[in-house]
file final-v5.cif (mmCIF, C-alpha atoms)
data_target
loop_
_atom_site.label_atom_id
_atom_site.label_comp_id
_atom_site.auth_asym_id
_atom_site.auth_seq_id
_atom_site.Cartn_x
_atom_site.Cartn_y
_atom_site.Cartn_z
CA MET A 1 -35.02 -15.41 39.45
CA ASP A 2 -31.98 -13.93 37.65
CA SER A 3 -32.33 -10.31 38.60
CA LEU A 4 -32.66 -11.07 42.31
CA LYS A 5 -29.62 -12.06 44.34
CA ARG A 6 -31.52 -12.50 47.59
CA PRO A 7 -35.13 -12.71 48.80
CA ILE A 8 -36.99 -9.70 47.49
CA GLU A 9 -38.20 -8.51 50.89
CA GLU A 10 -34.56 -8.05 51.98
CA TYR A 11 -33.91 -5.22 49.53
CA ASP A 12 -33.80 -1.76 51.17
CA SER A 13 -36.20 -0.31 48.62
CA VAL A 14 -38.74 -3.03 49.40
CA LYS A 15 -38.43 -2.31 53.12
CA THR A 16 -38.93 1.40 52.39
CA TRP A 17 -41.98 0.56 50.28
CA PHE A 18 -43.58 -1.55 52.99
CA GLU A 19 -42.85 1.05 55.65
CA GLY A 20 -44.43 3.71 53.43
CA LEU A 21 -47.49 1.58 52.81
CA ARG A 22 -47.91 0.99 56.54
CA VAL A 23 -47.24 4.49 57.81
CA GLN A 24 -48.38 6.78 54.99
CA SER A 25 -51.11 4.80 53.25
CA GLY A 26 -52.46 2.82 56.17
CA VAL A 27 -52.12 -0.41 54.21
CA ASP A 28 -50.81 -3.64 55.71
CA PRO A 29 -48.39 -4.96 53.07
CA ALA A 30 -48.70 -8.49 54.44
CA GLY A 31 -52.40 -8.38 53.67
CA ASP A 32 -51.81 -8.77 49.95
CA PRO A 33 -48.80 -10.98 49.03
CA SER A 34 -49.52 -10.44 45.33
CA ARG A 35 -47.78 -7.05 45.59
CA LEU A 36 -44.41 -8.70 46.08
CA LYS A 37 -45.09 -11.25 43.35
CA LEU A 38 -45.85 -8.43 40.92
CA LEU A 39 -42.66 -6.62 41.87
CA GLU A 40 -40.69 -9.83 41.36
CA GLU A 41 -42.33 -10.24 37.98
CA PHE A 42 -41.44 -6.65 37.10
CA CYS A 43 -37.85 -7.22 38.15
CA THR A 44 -37.65 -10.20 35.83
CA PHE A 45 -39.27 -8.14 33.09
CA THR A 46 -36.67 -5.36 33.41
CA GLY A 47 -33.69 -7.51 34.44
CA LEU A 48 -33.16 -5.25 37.46
CA ASP A 49 -33.40 -5.85 41.18
CA PRO A 50 -35.73 -3.57 43.21
CA ASP A 51 -32.95 -1.21 44.32
CA GLN A 52 -31.79 -0.93 40.71
CA VAL A 53 -35.34 -0.14 39.57
CA VAL A 54 -35.32 2.85 41.94
CA ALA A 55 -31.77 3.84 41.02
CA ALA A 56 -32.71 3.84 37.33
CA CYS A 57 -35.06 6.75 38.07
CA LEU A 58 -32.41 8.83 39.83
CA LEU A 59 -29.43 10.96 38.99
CA ILE A 60 -26.82 10.39 41.64
CA LYS A 61 -23.83 12.70 41.68
CA ASP A 62 -20.80 11.85 43.82
CA GLY A 63 -22.92 9.30 45.61
CA ARG A 64 -24.89 11.96 47.51
CA GLU A 65 -26.66 14.61 45.47
CA THR A 66 -29.74 12.84 44.30
CA LYS A 67 -32.33 14.08 41.86
CA ILE A 68 -35.12 12.40 39.99
CA SER A 69 -33.98 11.78 36.44
CA ILE A 70 -36.58 13.01 33.97
CA LYS A 71 -35.42 10.56 31.31
CA GLY A 72 -35.03 7.68 33.76
CA ARG A 73 -38.42 8.21 35.29
CA ARG A 74 -40.10 8.53 31.91
CA ALA A 75 -38.42 5.34 30.69
CA MET A 76 -39.56 3.51 33.85
CA ALA A 77 -43.12 4.82 33.45
CA GLU A 78 -43.10 3.38 29.93
CA LYS A 79 -41.78 0.06 31.21
CA ILE A 80 -44.58 -0.04 33.77
CA ALA A 81 -47.17 0.70 31.09
CA GLU A 82 -45.69 -2.12 28.99
CA PHE A 83 -45.70 -4.45 31.98
CA GLN A 84 -49.30 -3.54 32.69
CA ALA A 85 -50.37 -4.12 29.10
CA GLN A 86 -48.66 -7.54 28.92
CA ARG A 87 -51.67 -9.32 30.40
CA SER A 88 -54.08 -8.62 27.59
CA ASP A 89 -56.39 -11.37 28.86
CA ALA A 90 -56.80 -9.64 32.24
CA SER A 91 -59.58 -7.18 33.03
CA PRO A 92 -58.72 -3.46 32.85
CA GLY A 93 -58.93 -3.34 36.66
CA GLU A 94 -56.48 -6.23 37.03
CA ARG A 95 -54.09 -4.63 34.53
CA ALA A 96 -54.25 -1.35 36.45
CA ARG A 97 -53.51 -3.23 39.65
CA ARG A 98 -50.36 -4.73 38.09
CA GLY A 99 -49.03 -1.33 37.07
CA ASN A 100 -50.11 0.38 40.26
CA ALA A 101 -48.22 -2.11 42.44
CA ILE A 102 -44.99 -1.01 40.74
CA ARG A 103 -45.96 2.67 40.81
CA SER A 104 -46.68 2.36 44.52
CA PHE A 105 -43.23 0.78 45.02
CA LEU A 106 -41.55 3.68 43.25
CA ILE A 107 -43.71 6.37 44.86
CA HIS A 108 -42.83 5.21 48.35
CA ASN A 109 -39.19 5.26 47.29
CA GLY A 110 -39.51 8.96 46.47
CA ILE A 111 -40.17 8.76 42.73
CA LEU A 112 -43.23 10.84 41.94
CA LEU A 113 -45.31 9.01 39.36
CA GLN A 114 -48.94 9.47 38.42
CA SER A 115 -50.87 6.84 36.56
CA GLY A 116 -53.85 8.92 35.56
CA MET A 117 -57.35 7.60 36.05
CA GLN A 118 -57.74 3.94 35.18
CA ILE A 119 -61.47 3.41 35.29
CA MET B 1 -73.44 29.03 54.10
CA GLU B 2 -72.10 31.69 56.44
CA TYR B 3 -68.83 33.34 55.48
CA LYS B 4 -66.82 31.92 58.37
CA GLU B 5 -67.94 28.40 57.54
CA VAL B 6 -67.01 28.89 53.89
CA VAL B 7 -63.50 29.88 54.97
CA GLY B 8 -63.38 26.90 57.31
CA ARG B 9 -64.56 24.43 54.70
CA ARG B 10 -62.16 25.37 51.95
CA ARG B 11 -59.57 22.71 51.25
CA SER B 12 -57.37 21.97 48.26
CA ILE B 13 -59.46 19.25 46.69
CA ARG B 14 -57.42 16.69 44.75
CA TYR B 15 -60.12 14.18 43.85
CA PHE B 16 -62.90 15.44 41.62
CA GLN B 17 -65.95 13.71 40.20
CA SER B 18 -64.39 13.71 36.75
CA TRP B 19 -67.62 12.66 35.11
CA ARG B 20 -69.79 15.42 36.56
CA PRO B 21 -69.84 18.71 34.68
CA VAL B 22 -69.85 22.00 36.55
CA GLU B 23 -72.76 24.27 35.77
CA ARG B 24 -71.73 27.33 33.77
CA GLU B 25 -73.65 29.58 36.15
CA LYS B 26 -71.50 28.43 39.05
CA ILE B 27 -68.39 29.42 37.12
CA GLN B 28 -69.95 32.81 36.50
CA ILE B 29 -70.56 33.19 40.24
CA MET B 30 -66.87 32.47 40.87
CA LEU B 31 -65.80 35.00 38.25
CA GLU B 32 -68.14 37.64 39.67
CA ALA B 33 -66.65 37.07 43.13
CA ALA B 34 -63.20 37.60 41.62
CA ARG B 35 -64.31 40.70 39.73
CA LEU B 36 -65.55 42.34 42.92
CA ALA B 37 -62.32 41.79 44.85
CA SER B 38 -60.31 44.62 46.33
CA CYS B 39 -57.70 45.98 43.91
CA ALA B 40 -55.17 48.78 43.93
CA VAL B 41 -56.01 51.85 41.80
CA ASN B 42 -59.19 50.04 40.82
CA ALA B 43 -57.22 48.03 38.29
CA SER B 44 -58.38 44.56 37.40
CA PHE B 45 -55.08 42.78 37.69
CA LEU B 46 -56.58 39.33 37.54
CA LYS B 47 -57.32 37.99 34.11
CA ALA B 48 -58.55 34.47 33.58
CA ILE B 49 -59.53 32.10 30.82
CA VAL B 50 -62.04 29.39 31.60
CA VAL B 51 -61.45 26.11 29.80
CA PHE B 52 -63.85 23.21 29.97
CA ARG B 53 -61.57 20.17 30.06
CA ASP B 54 -63.65 18.17 27.64
CA ASP B 55 -63.25 20.88 24.99
CA LEU B 56 -59.51 20.15 24.90
CA ASP B 57 -58.18 17.41 22.66
CA ARG B 58 -56.25 14.58 24.29
CA ASP B 59 -52.81 15.76 23.11
CA THR B 60 -53.32 19.27 24.49
CA LEU B 61 -54.62 17.93 27.78
CA ASP B 62 -51.57 15.67 28.09
CA ALA B 63 -49.22 18.52 27.25
CA LEU B 64 -50.63 20.62 30.11
CA LYS B 65 -49.71 18.12 32.76
CA THR B 66 -46.80 18.54 35.11
CA PRO B 67 -45.55 15.52 37.05
CA VAL B 68 -47.32 16.81 40.15
CA SER B 69 -50.55 18.12 38.61
CA ALA B 70 -51.21 15.52 35.90
CA LEU B 71 -53.92 13.65 37.75
CA ASN B 72 -55.69 16.77 39.02
CA ILE B 73 -55.76 18.25 35.54
CA GLU B 74 -57.33 15.07 34.25
CA LEU B 75 -59.88 14.83 37.05
CA ALA B 76 -61.09 18.44 37.12
CA PRO B 77 -63.78 19.21 34.55
CA VAL B 78 -63.06 22.96 34.60
CA HIS B 79 -59.69 24.70 34.47
CA ILE B 80 -59.47 28.43 35.09
CA TYR B 81 -56.11 29.65 33.85
CA THR B 82 -55.19 32.76 35.79
CA PHE B 83 -52.86 35.59 34.83
CA ALA B 84 -51.67 38.86 36.33
CA ASP B 85 -52.15 41.68 33.87
CA MET B 86 -48.88 43.59 34.00
CA SER B 87 -50.44 46.42 32.00
CA ALA B 88 -53.32 47.00 34.40
CA TYR B 89 -51.88 50.31 35.65
CA ARG B 90 -52.72 51.77 32.25
CA GLY B 91 -55.94 53.71 32.52
CA ALA B 92 -55.46 54.26 36.26
CA GLN B 93 -55.81 58.03 35.87
CA PRO B 94 -59.47 58.04 34.70
CA ARG B 95 -60.27 55.15 37.02
CA LEU B 96 -59.06 57.09 40.06
CA LYS B 97 -61.13 60.09 38.97
CA GLN B 98 -64.09 57.77 38.57
CA LEU B 99 -63.58 56.70 42.19
CA ILE B 100 -63.76 60.40 43.15
CA ASP B 101 -66.98 60.73 41.12
CA VAL B 102 -68.62 57.79 42.89
CA GLY B 103 -67.59 59.03 46.33
CA ALA B 104 -65.05 56.35 47.11
CA LEU B 105 -62.02 58.65 47.09
CA THR B 106 -62.98 61.89 48.77
CA ALA B 107 -61.65 65.30 49.77
CA THR B 108 -61.85 64.24 53.42
CA HIS B 109 -58.89 62.02 52.65
CA GLY B 110 -57.16 64.57 50.43
CA TRP B 111 -58.27 63.30 47.04
CA SER B 112 -59.04 65.61 44.10
CA TYR B 113 -58.87 65.50 40.30
CA LYS B 114 -55.85 67.80 40.47
CA PHE B 115 -54.02 65.48 42.88
CA VAL B 116 -54.64 62.58 40.51
CA ASP B 117 -53.70 64.49 37.35
CA GLU B 118 -50.68 66.36 38.63
CA PHE B 119 -49.18 64.09 41.24
CA VAL B 120 -50.41 60.49 41.44
CA TRP B 121 -50.58 59.76 37.74
CA PRO B 122 -47.43 61.45 36.39
CA ASN B 123 -45.16 60.67 39.34
CA LEU B 124 -46.32 57.26 40.54
CA LEU B 125 -48.60 55.40 38.21
CA LYS B 126 -47.50 56.49 34.74
CA PRO B 127 -43.95 55.16 35.27
CA LEU B 128 -45.41 51.88 36.50
CA SER B 129 -47.77 51.70 33.54
CA GLU B 130 -44.84 52.18 31.20
CA GLY B 131 -43.01 49.27 32.70
CA SER B 132 -40.00 51.27 33.88
CA ASN B 133 -39.88 49.26 37.10
CA GLN B 134 -41.36 45.79 36.78
CA ALA B 135 -40.75 44.51 40.32
CA PRO B 136 -43.40 46.62 42.11
CA VAL B 137 -45.85 45.98 39.26
CA ALA B 138 -45.37 42.23 39.55
CA ALA B 139 -45.75 42.38 43.34
CA ALA B 140 -48.95 44.45 43.17
CA ALA B 141 -50.37 42.47 40.26
CA GLY B 142 -49.58 39.13 41.90
CA CYS B 143 -51.01 40.19 45.24
CA ASP B 144 -54.22 41.63 43.81
CA ALA B 145 -54.72 38.70 41.46
CA GLY B 146 -54.29 36.40 44.46
CA ILE B 147 -56.97 38.25 46.39
CA ALA B 148 -59.37 37.89 43.47
CA ILE B 149 -58.54 34.21 42.99
CA CYS B 150 -59.20 33.61 46.68
CA GLN B 151 -62.65 35.18 46.41
CA ALA B 152 -63.42 32.93 43.44
CA MET B 153 -62.30 29.91 45.45
CA LEU B 154 -64.48 30.80 48.41
CA ALA B 155 -67.45 31.40 46.12
CA ALA B 156 -66.87 27.95 44.64
CA VAL B 157 -66.88 26.35 48.10
CA ASP B 158 -70.11 28.20 48.87
CA GLU B 159 -71.57 26.63 45.71
CA GLY B 160 -70.62 23.12 46.85
CA LEU B 161 -67.66 22.85 44.50
CA GLY B 162 -64.10 21.78 45.18
CA VAL B 163 -61.12 23.83 44.07
CA CYS B 164 -57.36 23.43 43.92
CA LEU B 165 -54.70 25.82 42.69
CA SER B 166 -52.02 24.16 40.68
CA GLY B 167 -49.05 25.02 38.51
CA PHE B 168 -49.40 24.58 34.78
CA VAL B 169 -47.26 24.43 31.68
CA TYR B 170 -48.18 27.50 29.66
CA GLU B 171 -46.39 26.77 26.41
CA PRO B 172 -48.83 24.22 24.94
CA LEU B 173 -51.73 26.48 25.85
CA LYS B 174 -50.35 29.66 24.33
CA LYS B 175 -51.88 29.18 20.90
CA ILE B 176 -55.18 27.94 22.26
CA LEU B 177 -55.70 30.64 24.89
CA ASN B 178 -54.20 33.45 22.82
CA ALA B 179 -53.52 35.48 25.97
CA PRO B 180 -51.81 38.88 25.51
CA GLU B 181 -48.04 38.98 26.05
CA GLN B 182 -48.36 41.28 29.06
CA TRP B 183 -50.36 38.68 30.97
CA LEU B 184 -48.14 36.86 33.41
CA PRO B 185 -49.24 33.21 33.89
CA LEU B 186 -49.99 32.46 37.55
CA TRP B 187 -51.90 29.30 38.44
CA VAL B 188 -54.62 27.11 37.09
CA LEU B 189 -57.63 26.96 39.37
CA LEU B 190 -59.06 23.46 39.04
CA VAL B 191 -62.77 23.21 39.68
CA GLY B 192 -65.17 20.33 40.04
CA TYR B 193 -67.43 18.49 42.41
CA PRO B 194 -65.33 16.79 45.10
CA ALA B 195 -65.09 13.02 44.88
CA GLU B 196 -63.74 13.02 48.40
CA SER B 197 -65.88 14.09 51.34
CA TRP B 198 -66.07 17.86 51.84
CA GLU B 199 -63.94 17.52 54.96
CA ALA B 200 -61.19 16.00 52.80
CA GLY B 201 -59.54 14.50 55.85
CA GLY B 202 -59.86 17.57 58.05
CA GLN B 203 -58.54 21.09 58.22
CA ARG B 204 -54.92 21.24 57.15
CA PRO B 205 -52.18 21.93 59.69
CA ARG B 206 -51.25 25.58 59.99
CA PRO B 207 -48.80 27.27 62.32
CA PRO B 208 -50.39 28.92 65.33
CA LEU B 209 -51.51 32.55 64.95
CA GLU B 210 -48.65 33.81 67.09
CA GLU B 211 -46.03 32.37 64.77
CA SER B 212 -47.05 34.44 61.75
CA PHE B 213 -48.68 37.56 63.14
CA PHE B 214 -47.25 40.23 65.42
CA GLU B 215 -48.45 43.22 67.36
CA GLY B 216 -46.62 46.53 67.21
CA ARG B 217 -43.34 45.07 66.12
CA TYR B 218 -41.81 41.84 64.89
CA GLY B 219 -41.12 39.46 67.73
CA LYS B 220 -44.16 40.41 69.81
CA PRO B 221 -46.74 37.78 68.86
CA PHE B 222 -50.35 38.75 68.29
CA LYS B 223 -51.87 36.70 71.10
CA ALA B 224 -54.93 34.63 70.24
CA ASP B 225 -57.81 35.01 72.69
CA PRO B 226 -59.09 31.50 73.52
CA LYS B 227 -62.66 32.84 73.72
CA VAL B 228 -62.45 34.02 70.12
CA THR B 229 -60.98 30.68 69.11
CA GLU B 230 -64.01 28.98 70.66
CA GLN B 231 -66.36 31.33 68.81
CA LEU B 232 -64.65 30.45 65.54
CA LYS B 233 -65.02 26.76 66.29
CA ALA B 234 -68.73 27.30 66.91
CA ALA B 235 -68.98 29.21 63.64
CA LYS B 236 -67.18 26.31 61.87
CA MET B 237 -64.29 28.44 60.71
CA ILE B 238 -61.89 26.45 62.82
CA GLN B 239 -62.73 22.82 62.18
CA ARG B 240 -61.56 19.36 63.09
CA PRO B 241 -57.87 19.16 62.29
CA ALA B 242 -56.44 16.67 59.83
CA PRO B 243 -56.03 13.79 59.80
CA LEU B 244 -59.52 12.59 60.62
CA PRO B 245 -59.47 8.98 61.80
CA TRP B 246 -60.90 7.59 58.56
CA ARG B 247 -58.77 9.55 56.10
CA LYS B 248 -56.50 6.69 55.08
CA GLN B 249 -59.48 4.45 54.41
CA GLU B 250 -61.04 7.23 52.33
CA ILE B 251 -57.87 7.54 50.25
CA GLN B 252 -57.76 3.77 49.77
CA ALA B 253 -61.36 3.82 48.56
CA LEU B 254 -60.62 6.72 46.18
CA ALA B 255 -57.53 4.90 44.88
CA ARG B 256 -59.66 1.85 44.12
CA MET B 257 -62.39 3.94 42.52
CA PHE B 258 -60.03 5.79 40.18
CA GLY B 259 -57.54 2.93 39.68
CA LEU B 260 -54.66 4.77 41.35
CA PRO B 261 -51.62 3.47 43.21
CA GLU B 262 -51.66 3.38 47.01
#

call {"tool": "encode", "arguments": {"input": "final-v5.cif", "output": "C-alpha cells"}}
result
Amino acid sequence: MDSLKRPIEEYDSVKTWFEGLRVQSGVDPAGDPSRLKLLEEFCTFTGLDPDQVVAACLLIKDGRETKISIKGRRAMAEKIAEFQAQRSDASPGERARRGNAIRSFLIHNGILLQSGMQI
Amino acid sequence: MEYKEVVGRRRSIRYFQSWRPVEREKIQIMLEAARLASCAVNASFLKAIVVFRDDLDRDTLDALKTPVSALNIELAPVHIYTFADMSAYRGAQPRLKQLIDVGALTATHGWSYKFVDEFVWPNLLKPLSEGSNQAPVAAAAGCDAGIAICQAMLAAVDEGLGVCLSGFVYEPLKKILNAPEQWLPLWVLLVGYPAESWEAGGQRPRPPLEESFFEGRYGKPFKADPKVTEQLKAAKMIQRPAPLPWRKQEIQALARMFGLPE
C-alpha cells in the first residue's frame, strides 16, 4: 500500500486510537479487525498515512502549539463522507460503519468530529 | 417526584429519542417554572423562544450546529433559545411598588413608595435601566436568567424529560427568531425524551462540598455532616456516582442505534 511505509498498527496515531477505544469506549480493538482494514483503505483513498491524516486536521505552530484546523477538519470530514458514499452497493448501516471507523480514529486522536444520526 | 429526587436525577442528557415529540403542555410547565423563579426587582430577565426542531428547514438546522453541539441539536425535538433581557430594569419602579401593594416588600423592612420613588429608582435602578453601566446589568441578568433556566430544567426532569444546555450560533437564527437587540443570547436548552437510561451512567463527579463552600470566611470549609449526607442518599438527591458499571455498554448500544462512531 503506497501511503503506508510500515504496518499500520505501528503508527502512533493508530496506537492512540486503540488505547482510546480500550480505555474510553470500552471496546476491544482486536475484536473487530475490519476497523484497521477500513483505515488502511482510507489511507489509500487519501494518499496519506494515519499520522498524516491526523496532522491534516491540525495547525501546528513551531512544532508545539497545536490547534484543530477548521479548514483541515472540514476537508477531512468531506473526505470521510466521500469514502463512506463510495460503496453505493452497501447498506446504509454498512456505509455508516465505514465512515464511523475513520471518525472514531480521528476522535480518539483529539479531532472532534460528529457524524450526525445515521439511521 | 419529590424535589430532592428531581435534583438528584437531573443530568445533561445527550441522547434523545429524536423521533418522539415532546408534548406542548410539558413545555408550558417548564416555562411556568421559569416564570415563577426568583428575580431581582421582580424583573423577568429570562426571555426564551421555543422552537420545535421539525419546524426548521434543513439548512437552518445545519447552520445552528457548533462542532460540539451538532448531534444534540439534531437529536433534540425541542430547542428553547434563552436570552437575558438587558432592558429588564426598565419598569422596575412600578414593579417594586406593586410588591409593596401585595405585601412582599413591607415597612417592617423599611420599604415605602417614597423610598422607591426618591431613592431606589433614581439613584440605583434608573441608571442601570439606561445602560450607563452594563457590567452589573449583565451579571444580574445572567444570574437571574440562570436561576429561571434551572427551574425549567428541573420541571422537565419531573415530567420525565431529558434536558441539556448547549451553546448555539445565534447569527443564522436572528431573522427567524426576531429577538430584540437588547436580548443577550445565552444558551439553548435542548429538550426531549432521553434515549439513554434516566441514570445516564450515574451522577456526575462534583468536588466535595468543602471545596466550594465556606463558613464565616474563605478558607474555613463548610463541613458536611455525614448524617445529612445519608439522608440525602435516602431521599435520592445524592445518587450512585458515575460511571455505573454498564455505562460503556450503554454508549456502545446507543452508538449502534444512532449510527455514531465509538

call {"tool": "residues_around", "arguments": {"input": "final-v5.cif", "residues": "Glu196 (chain B)", "least_positions_apart": "5", "cutoff": "9 Å", "atoms": "all atoms listed in the file", "output": "PDB file with C-alpha atoms, keeping the file's coordinate frame"}}
result
ATOM      1  CA  ILE B  13     -59.460  19.250  46.690  1.00  0.00           C
ATOM      2  CA  ARG B  14     -57.420  16.690  44.750  1.00  0.00           C
ATOM      3  CA  TYR B  15     -60.120  14.180  43.850  1.00  0.00           C
ATOM      4  CA  PHE B  16     -62.900  15.440  41.620  1.00  0.00           C
ATOM      5  CA  GLN B  17     -65.950  13.710  40.200  1.00  0.00           C
ATOM      6  CA  GLY B 201     -59.540  14.500  55.850  1.00  0.00           C
ATOM      7  CA  GLU B 250     -61.040   7.230  52.330  1.00  0.00           C
ATOM      8  CA  ILE B 251     -57.870   7.540  50.250  1.00  0.00           C
ATOM      9  CA  LEU B 254     -60.620   6.720  46.180  1.00  0.00           C
TER      10      LEU B 254
END

call {"tool": "interface_residues", "arguments": {"input": "final-v5.cif", "of": "chain A", "to": "chain B", "cutoff": "10 Å", "atoms": "all atoms listed in the file", "output": "VMD selection string"}}
result
chain A and resid 20 to 21 23 to 27 70 92 to 105 107 to 108 112 to 119

call {"tool": "residues_around", "arguments": {"input": "final-v5.cif", "residues": "region 224-239 of chain B", "least_positions_apart": "3", "cutoff": "7 Å", "atoms": "all atoms listed in the file", "output": "list in words"}}
result
Lys4, Glu5, Val7, Gly8, Gln203 and Leu209 of chain B

call {"tool": "resolve_selection", "arguments": {"input": "final-v5.cif", "expression": "the PyMOL selection byres ((chain B and resi 47-64) around 8)", "output": "PDB file with C-alpha atoms, keeping the file's coordinate frame"}}
result
ATOM      1  CA  SER B  44     -58.380  44.560  37.400  1.00  0.00           C
ATOM      2  CA  PHE B  45     -55.080  42.780  37.690  1.00  0.00           C
ATOM      3  CA  LEU B  46     -56.580  39.330  37.540  1.00  0.00           C
ATOM      4  CA  LYS B  65     -49.710  18.120  32.760  1.00  0.00           C
ATOM      5  CA  THR B  66     -46.800  18.540  35.110  1.00  0.00           C
ATOM      6  CA  ALA B  70     -51.210  15.520  35.900  1.00  0.00           C
ATOM      7  CA  ILE B  73     -55.760  18.250  35.540  1.00  0.00           C
ATOM      8  CA  GLU B  74     -57.330  15.070  34.250  1.00  0.00           C
ATOM      9  CA  ALA B  76     -61.090  18.440  37.120  1.00  0.00           C
ATOM     10  CA  PRO B  77     -63.780  19.210  34.550  1.00  0.00           C
ATOM     11  CA  VAL B  78     -63.060  22.960  34.600  1.00  0.00           C
ATOM     12  CA  HIS B  79     -59.690  24.700  34.470  1.00  0.00           C
ATOM     13  CA  ILE B  80     -59.470  28.430  35.090  1.00  0.00           C
ATOM     14  CA  TYR B  81     -56.110  29.650  33.850  1.00  0.00           C
ATOM     15  CA  THR B  82     -55.190  32.760  35.790  1.00  0.00           C
ATOM     16  CA  PHE B  83     -52.860  35.590  34.830  1.00  0.00           C
ATOM     17  CA  ALA B  84     -51.670  38.860  36.330  1.00  0.00           C
ATOM     18  CA  ASP B  85     -52.150  41.680  33.870  1.00  0.00           C
ATOM     19  CA  ALA B 145     -54.720  38.700  41.460  1.00  0.00           C
ATOM     20  CA  PHE B 168     -49.400  24.580  34.780  1.00  0.00           C
ATOM     21  CA  VAL B 169     -47.260  24.430  31.680  1.00  0.00           C
ATOM     22  CA  TYR B 170     -48.180  27.500  29.660  1.00  0.00           C
ATOM     23  CA  PRO B 172     -48.830  24.220  24.940  1.00  0.00           C
ATOM     24  CA  LEU B 173     -51.730  26.480  25.850  1.00  0.00           C
ATOM     25  CA  LEU B 177     -55.700  30.640  24.890  1.00  0.00           C
ATOM     26  CA  TRP B 183     -50.360  38.680  30.970  1.00  0.00           C
TER      27      TRP B 183
END

call {"tool": "atom_distance", "arguments": {"input": "final-v5.cif", "atom1": "CA of Ser166 (chain B)", "atom2": "CA of Cys57 (chain A)"}}
result
24.4 Å

call {"tool": "resolve_selection", "arguments": {"input": "final-v5.cif", "expression": "the PyMOL selection byres ((chain B and resi 147-163) around 6)", "output": "list in words"}}
result
Val6, Ser12, Ile13, Met30, Ala33, Ala34, Ala37, Asp144, Ala145, Gly146, Cys164, Leu190, Val191, Gly192, Tyr193 and Pro194 of chain B

call {"tool": "resolve_selection", "arguments": {"input": "final-v5.cif", "expression": "the PyMOL selection byres ((chain A and resi 109) around 8)", "output": "count of residues only"}}
result
10

call {"tool": "residues_around", "arguments": {"input": "final-v5.cif", "residues": "Leu4 (chain A)", "least_positions_apart": "2", "cutoff": "8 Å", "atoms": "all atoms listed in the file", "output": "PyMOL selection string"}}
result
chain A and resi 1-2+6-8+43+48-49

call {"tool": "write_last_selection", "arguments": {"input": "final-v5.cif", "atoms": "C-alpha atoms", "output": "PDB file, keeping the file's coordinate frame"}}
result
ATOM      1  CA  MET A   1     -35.020 -15.410  39.450  1.00  0.00           C
ATOM      2  CA  ASP A   2     -31.980 -13.930  37.650  1.00  0.00           C
ATOM      3  CA  ARG A   6     -31.520 -12.500  47.590  1.00  0.00           C
ATOM      4  CA  PRO A   7     -35.130 -12.710  48.800  1.00  0.00           C
ATOM      5  CA  ILE A   8     -36.990  -9.700  47.490  1.00  0.00           C
ATOM      6  CA  CYS A  43     -37.850  -7.220  38.150  1.00  0.00           C
ATOM      7  CA  LEU A  48     -33.160  -5.250  37.460  1.00  0.00           C
ATOM      8  CA  ASP A  49     -33.400  -5.850  41.180  1.00  0.00           C
TER       9      ASP A  49
END

call {"tool": "residues_around", "arguments": {"input": "final-v5.cif", "residues": "Val116 (chain B)", "least_positions_apart": "2", "cutoff": "10 Å", "atoms": "all atoms listed in the file", "output": "NGL selection string"}}
result
:B and (92-97 or 100 or 111-114 or 118-125)

call {"tool": "atom_distance", "arguments": {"input": "final-v5.cif", "atom1": "CA of Leu165 (chain B)", "atom2": "CA of Arg20 (chain B)"}}
result
19.3 Å

call {"tool": "axis_aligned_box", "arguments": {"input": "final-v5.cif", "around": "region 239-258 of chain B", "padding_each_side": "6 Å", "output": "JSON"}}
result
{"center_x": -59.4, "center_y": 12.3, "center_z": 51.6, "size_x": 18.7, "size_y": 33.0, "size_z": 34.9}

call {"tool": "atom_distance", "arguments": {"input": "final-v5.cif", "atom1": "CA of Gly47 (chain A)", "atom2": "CA of Val14 (chain A)"}}
result
16.4 Å

call {"tool": "residues_near_point", "arguments": {"input": "final-v5.cif", "point": "(-34.5, 2.0, 35.0)", "cutoff": "7 Å", "atoms": "all atoms listed in the file", "output": "CSV table (one decimal) with C-alpha atoms, in the frame of the given file"}}
result
chain,number,residue,atom,x,y,z
A,52,GLN,CA,-31.8,-0.9,40.7
A,53,VAL,CA,-35.3,-0.1,39.6
A,55,ALA,CA,-31.8,3.8,41.0
A,56,ALA,CA,-32.7,3.8,37.3
A,57,CYS,CA,-35.1,6.8,38.1
A,72,GLY,CA,-35.0,7.7,33.8
A,75,ALA,CA,-38.4,5.3,30.7
A,76,MET,CA,-39.6,3.5,33.8
